[in-house]
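Undergrad: Pasting input.cif below, which is mmCIF, C-alpha atoms.
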```cif
data_run
loop_
_atom_site.label_atom_id
_atom_site.label_comp_id
_atom_site.auth_asym_id
_atom_site.auth_seq_id
_atom_site.Cartn_x
_atom_site.Cartn_y
_atom_site.Cartn_z
CA MET A 1 -15.60 23.00 1.22
CA THR A 2 -13.92 22.64 -2.17
CA THR A 3 -14.75 19.92 -4.69
CA PHE A 4 -11.35 18.32 -4.06
CA SER A 5 -11.94 18.30 -0.28
CA ARG A 6 -15.34 16.66 -0.75
CA ALA A 7 -13.77 13.96 -2.94
CA VAL A 8 -11.05 13.25 -0.37
CA LEU A 9 -13.63 13.10 2.42
CA ALA A 10 -15.79 10.69 0.41
CA VAL A 11 -12.82 8.35 -0.12
CA LEU A 12 -11.93 8.47 3.59
CA LEU A 13 -15.53 7.76 4.64
CA CYS A 14 -15.65 4.85 2.20
CA ALA A 15 -12.41 3.48 3.62
CA LEU A 16 -13.69 3.82 7.19
CA ALA A 17 -16.96 2.10 6.36
CA HIS A 18 -15.04 -0.68 4.63
CA SER A 19 -12.59 -1.23 7.52
CA ALA A 20 -15.46 -1.37 10.03
CA SER A 21 -16.79 -4.60 8.50
CA ALA A 22 -13.80 -6.40 7.06
CA GLY A 23 -11.84 -9.55 7.76
CA VAL A 24 -8.16 -10.27 7.25
CA ILE A 25 -6.68 -13.37 5.64
CA ARG A 26 -3.43 -14.26 7.39
CA GLY A 27 -1.20 -17.24 7.00
CA THR A 28 2.16 -18.70 6.15
CA LEU A 29 3.45 -19.78 2.77
CA HIS A 30 5.80 -22.78 2.81
CA VAL A 31 8.36 -23.46 0.07
CA PRO A 32 10.67 -26.48 -0.40
CA ALA A 33 13.67 -26.61 1.89
CA HIS A 34 15.91 -27.18 -1.13
CA PRO A 35 14.68 -24.77 -3.82
CA PRO A 36 15.74 -24.92 -7.49
CA MET A 37 19.30 -23.74 -8.02
CA ALA A 38 19.93 -20.56 -9.95
CA ALA A 39 22.07 -20.83 -13.03
CA VAL A 40 25.47 -19.25 -12.36
CA SER A 41 26.44 -16.68 -14.96
CA MET A 42 30.16 -15.89 -15.12
CA ASN A 43 31.25 -12.37 -15.96
CA ALA A 44 33.37 -12.60 -19.07
CA TYR A 45 34.92 -9.21 -18.42
CA PRO A 46 34.84 -8.56 -14.66
CA GLY A 47 35.77 -5.01 -13.73
CA HIS A 48 35.10 -3.61 -17.19
CA ALA A 49 32.64 -0.81 -17.80
CA ASN A 50 29.84 -3.21 -18.74
CA SER A 51 30.26 -5.68 -15.87
CA MET A 52 30.84 -5.94 -12.14
CA PRO A 53 33.10 -8.40 -10.29
CA GLY A 54 31.52 -11.49 -8.78
CA MET A 55 29.25 -14.35 -9.74
CA ASN A 56 26.01 -12.34 -9.38
CA ALA A 57 23.97 -15.52 -8.86
CA VAL A 58 20.44 -14.68 -7.74
CA PRO A 59 18.84 -17.29 -5.45
CA HIS A 60 15.74 -19.06 -6.75
CA GLY A 61 12.76 -20.45 -4.86
CA LEU A 62 12.69 -17.75 -2.15
CA VAL A 63 9.41 -17.45 -0.30
CA SER A 64 9.76 -13.66 -0.40
CA ASP A 65 9.61 -13.84 -4.22
CA ALA A 66 6.04 -15.14 -4.01
CA VAL A 67 2.85 -13.12 -4.48
CA ILE A 68 -0.31 -13.85 -2.49
CA TYR A 69 -3.54 -12.55 -4.01
CA VAL A 70 -7.27 -13.16 -4.09
CA ASP A 71 -9.34 -13.87 -7.18
CA ARG A 72 -11.56 -10.80 -6.78
CA VAL A 73 -12.11 -7.68 -4.69
CA PRO A 74 -15.59 -6.08 -4.47
CA ALA A 75 -15.71 -2.60 -6.02
CA PRO A 76 -16.18 -0.55 -2.81
CA ALA A 77 -13.28 -2.36 -1.14
CA GLU A 78 -11.09 -1.91 -4.22
CA SER A 79 -11.78 1.84 -4.24
CA ALA A 80 -10.68 2.07 -0.61
CA LEU A 81 -7.53 0.01 -1.21
CA ALA A 82 -6.62 1.99 -4.34
CA ALA A 83 -6.88 5.25 -2.37
CA LEU A 84 -4.20 3.97 0.02
CA ALA A 85 -1.71 3.18 -2.77
CA THR A 86 0.15 6.49 -2.95
CA THR A 87 3.80 5.40 -3.33
CA MET A 88 5.29 4.61 -6.74
CA PRO A 89 6.75 1.06 -6.74
CA ARG A 90 10.43 0.61 -7.65
CA LEU A 91 12.28 -2.09 -9.56
CA ALA A 92 15.93 -1.09 -9.21
CA GLN A 93 19.08 -2.33 -10.93
CA ARG A 94 21.48 -3.09 -8.08
CA ASP A 95 24.57 -5.33 -7.86
CA GLN A 96 23.99 -6.37 -11.48
CA ALA A 97 20.55 -7.77 -10.64
CA PHE A 98 17.00 -6.50 -10.35
CA ALA A 99 15.78 -5.63 -6.86
CA PRO A 100 13.27 -6.89 -6.03
CA ARG A 101 13.27 -9.91 -8.33
CA VAL A 102 9.45 -10.05 -8.16
CA LEU A 103 7.19 -7.01 -8.00
CA ALA A 104 3.41 -7.20 -7.61
CA ILE A 105 1.33 -4.19 -8.67
CA ALA A 106 -2.24 -3.32 -9.57
CA VAL A 107 -3.24 -2.52 -13.13
CA GLY A 108 -2.81 1.18 -13.92
CA THR A 109 0.33 1.48 -11.77
CA ARG A 110 3.46 3.32 -12.90
CA VAL A 111 6.79 1.71 -11.88
CA ASP A 112 10.13 3.46 -11.42
CA PHE A 113 13.28 1.69 -12.76
CA PRO A 114 16.32 3.43 -11.16
CA ASN A 115 19.88 2.37 -12.00
CA GLN A 116 21.84 2.14 -8.73
CA ASP A 117 24.93 0.43 -10.21
CA PRO A 118 28.17 2.13 -11.34
CA ILE A 119 27.65 0.65 -14.82
CA TYR A 120 25.12 1.05 -17.62
CA HIS A 121 21.98 -1.09 -17.76
CA ASN A 122 19.21 -1.54 -20.27
CA VAL A 123 15.70 -2.48 -19.13
CA PHE A 124 13.29 -4.06 -21.58
CA SER A 125 10.46 -6.55 -21.91
CA LEU A 126 9.02 -8.49 -24.83
CA SER A 127 6.01 -9.67 -22.84
CA PRO A 128 2.70 -9.19 -24.72
CA VAL A 129 1.15 -7.67 -21.57
CA ARG A 130 3.60 -4.75 -21.71
CA ARG A 131 6.38 -4.40 -24.26
CA PHE A 132 8.96 -1.68 -23.62
CA ASP A 133 12.62 -0.79 -24.06
CA LEU A 134 14.04 1.92 -21.80
CA GLY A 135 17.42 2.03 -23.54
CA LYS A 136 20.80 2.25 -21.81
CA TYR A 137 21.19 4.64 -18.90
CA PRO A 138 23.82 5.23 -16.19
CA ARG A 139 23.88 5.25 -12.41
CA GLY A 140 21.59 7.85 -10.87
CA SER A 141 19.21 7.83 -13.83
CA SER A 142 15.75 6.32 -13.87
CA ARG A 143 12.93 5.59 -16.30
CA GLN A 144 9.25 4.83 -15.68
CA VAL A 145 6.73 2.46 -17.23
CA LEU A 146 2.93 2.45 -16.94
CA PHE A 147 1.30 -1.01 -16.77
CA GLU A 148 -2.24 -0.85 -18.14
CA LYS A 149 -3.08 -4.55 -18.57
CA PRO A 150 -3.13 -7.42 -16.06
CA GLY A 151 -0.74 -10.32 -16.53
CA LEU A 152 2.89 -11.35 -16.08
CA VAL A 153 5.67 -9.16 -17.47
CA LYS A 154 9.21 -10.57 -17.63
CA VAL A 155 11.92 -7.90 -17.47
CA TYR A 156 15.53 -8.20 -18.70
CA CYS A 157 18.71 -6.22 -19.34
CA ASP A 158 20.15 -6.57 -22.85
CA ILE A 159 23.69 -5.92 -21.54
CA HIS A 160 23.63 -8.58 -18.80
CA SER A 161 21.83 -11.78 -19.80
CA SER A 162 21.69 -13.07 -16.21
CA MET A 163 19.41 -10.23 -15.10
CA GLU A 164 15.72 -11.15 -14.92
CA ALA A 165 12.74 -9.81 -12.98
CA PHE A 166 9.00 -10.43 -12.90
CA VAL A 167 6.25 -7.83 -12.67
CA LEU A 168 2.91 -9.44 -11.82
CA VAL A 169 0.17 -6.98 -12.78
CA LEU A 170 -3.08 -7.80 -10.97
CA PRO A 171 -6.58 -6.46 -11.72
CA HIS A 172 -7.00 -5.11 -8.16
CA HIS A 173 -5.13 -4.25 -4.94
CA GLY A 174 -6.01 -7.44 -3.05
CA PHE A 175 -2.47 -8.81 -2.87
CA THR A 176 0.65 -8.92 -0.75
CA GLN A 177 4.11 -10.52 -0.68
CA PRO A 178 5.23 -12.68 2.25
CA SER A 179 8.13 -11.93 4.55
CA SER A 180 11.32 -14.00 4.55
CA SER A 181 9.62 -16.34 7.05
CA GLY A 182 6.64 -16.86 4.73
CA ALA A 183 4.19 -14.93 6.93
CA PHE A 184 1.63 -12.78 5.12
CA ALA A 185 -1.53 -10.76 5.71
CA LEU A 186 -3.78 -9.67 2.86
CA PRO A 187 -5.55 -6.29 2.93
CA ASP A 188 -8.93 -6.04 4.66
CA LEU A 189 -11.67 -7.72 2.66
CA PRO A 190 -15.47 -7.75 2.99
CA ALA A 191 -17.04 -10.96 4.23
CA GLY A 192 -17.40 -13.65 1.59
CA SER A 193 -15.73 -16.57 -0.12
CA TYR A 194 -12.42 -15.96 -1.89
CA VAL A 195 -9.87 -18.05 -3.74
CA VAL A 196 -6.42 -17.24 -2.38
CA HIS A 197 -3.55 -17.79 -4.83
CA ALA A 198 0.17 -18.06 -4.15
CA TRP A 199 2.40 -17.62 -7.19
CA GLN A 200 6.19 -17.95 -7.28
CA PRO A 201 8.19 -17.72 -10.54
CA ASP A 202 10.22 -20.88 -9.87
CA LEU A 203 7.54 -22.97 -8.15
CA GLY A 204 4.29 -22.19 -9.95
CA ASP A 205 0.85 -21.55 -8.43
CA VAL A 206 -1.17 -23.02 -5.57
CA SER A 207 -4.61 -21.92 -4.35
CA LEU A 208 -7.06 -22.32 -1.49
CA THR A 209 -10.69 -21.27 -0.95
CA VAL A 210 -11.18 -19.17 2.17
CA ASP A 211 -14.34 -17.81 3.82
CA VAL A 212 -13.71 -14.36 5.27
CA PRO A 213 -15.78 -13.40 8.35
CA GLU A 214 -17.44 -10.02 8.95
CA THR A 215 -14.58 -9.08 11.28
CA GLY A 216 -11.43 -10.75 12.56
CA ASP A 217 -8.76 -12.97 11.09
CA VAL A 218 -8.99 -16.19 9.14
CA SER A 219 -6.07 -18.56 8.55
CA ALA A 220 -4.91 -19.59 5.09
CA ASN A 221 -1.67 -21.58 5.04
CA LEU A 222 -0.34 -22.65 1.65
CA SER A 223 2.52 -24.92 0.55
CA PHE A 224 4.33 -25.57 -2.72
#
```
Translate this structure into structure tokens?
TA:
Amino acid sequence: MTTFSRAVLAVLLCALAHSASAGVIRGTLHVPAHPPMAAVSMNAYPGHANSMPGMNAVPHGLVSDAVIYVDRVPAPAESALAALATTMPRLAQRDQAFAPRVLAIAVGTRVDFPNQDPIYHNVFSLSPVRRFDLGKYPRGSSRQVLFEKPGLVKVYCDIHSSMEAFVLVLPHHGFTQPSSSGAFALPDLPAGSYVVHAWQPDLGDVSLTVDVPETGDVSANLSF
């Protein structure tokens, strides 16, 4: 057996041992029925090379823009979760907006920024957690950014002032984002007490302490 094969086997055995004694935090996140209104940005030059027709108003207060995460993940569990994260996350430019508007990742993750619009975009951030400027690039092109520190990174386009996205960089892989109905399920976690956080860029942060059993589900419903 090669050294690489042994390493892969060790990770799989660790993951199996972890999943055999792990609980799952499930619940529903509730947001206000009448969320904050997005500011409408008119296109001064609709149809021109630097703009697309339409209002391009992005809804605010969506439950699917929230991030659910725990305060900590024990090291063996984090190693197992990190081994499962094999797909590079994407934050695309589409319909003169960022898609998704909110992206949650673990520290040390590289993110792809493809331009899927028939116009040029520029992607940049002045956030202290990760400053970058990818320059202007056309449809079909993409750039990548590595996020090496935890924290919130606000992302913009210097051509279209209405475009804004949020990259929440977490210190571990113990997170998820709810569905459009607000339902969520966090990754398997070892038994213990955890603080579950729900963060949404327009609504802030709420939290709840949850005791995870050795096996099975535990409910954690949160509301803004």
Undergrad: Hey, which of A:Pro76, A:Gly182, A:Gly192, A:Pro59 ends up closest to Arg101 of chain A? Count only C-alpha atoms.
TA: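 Selected residue with least distance to Arg101 of chain A: A:Pro59.
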Undergrad: In Å to one decimal, how far is atom CA of Gly23 of chain A from atom CA of Ile68 of chain A?
TA: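 Going from atom CA of Ile68 of chain A over to atom CA of Gly23 of chain A covers 16.0 Å.
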Undergrad: For this file, the PyMOL selection byres ((chain A and resi 184) around 9) selects which residues, as a VMD selection string?
TA: chain A and resid 25 to 29 68 176 to 179 181 to 183 185 to 186
Undergrad: Determine, counting all atoms listed in the file, which protein, DNA and RNA residues have an atom within 8 Å of an atom of Gln96 of chain A; residues of the same chain fewer than 4 positions away are not included. Present the result as a list in words.
TA: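 After dropping sequence-adjacent residues, the list is Ser51, Met52, Asn56, Asp117, His160 and Met163 of chain A.
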Undergrad: The selected residues should be written to file as a short mmCIF file (atom, residue, chain, number, x, y, z; two decimals), keeping the file's coordinate frame (atoms: C-alpha atoms).
TA:
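Saved the output as result01.cif:
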```
data_model
loop_
_atom_site.label_atom_id
_atom_site.label_comp_id
_atom_site.auth_asym_id
_atom_site.auth_seq_id
_atom_site.Cartn_x
_atom_site.Cartn_y
_atom_site.Cartn_z
CA SER A 51 30.26 -5.68 -15.87
CA MET A 52 30.84 -5.94 -12.14
CA ASN A 56 26.01 -12.34 -9.38
CA ASP A 117 24.93 0.43 -10.21
CA HIS A 160 23.63 -8.58 -18.80
CA MET A 163 19.41 -10.23 -15.10
#
```
Undergrad: Go through A:Ala92, A:Cys157, A:Leu222, A:Ala57 and flag the residue nearest Arg139 of chain A, using only C-alpha atoms for the distances.
TA: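 Of A:Ala92, A:Cys157, A:Leu222, A:Ala57, the one nearest Arg139 of chain A is A:Ala92, counting only C-alpha atoms.
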Undergrad: My list of candidates is A:Leu189, A:Val107, A:Val153, A:Ala66. Which is closest to Ala80 of chain A when distances are computed with all atoms listed in the file?
TA: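 Of all the options, A:Leu189 lies closest to Ala80 of chain A.
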Undergrad: Any chance you could work out the residue set of the PyMOL selection byres ((chain A and resi 224) around 10) here, as a ChimeraX atom specification?
TA: /A:29-32,63,198-200,203-207,222-223
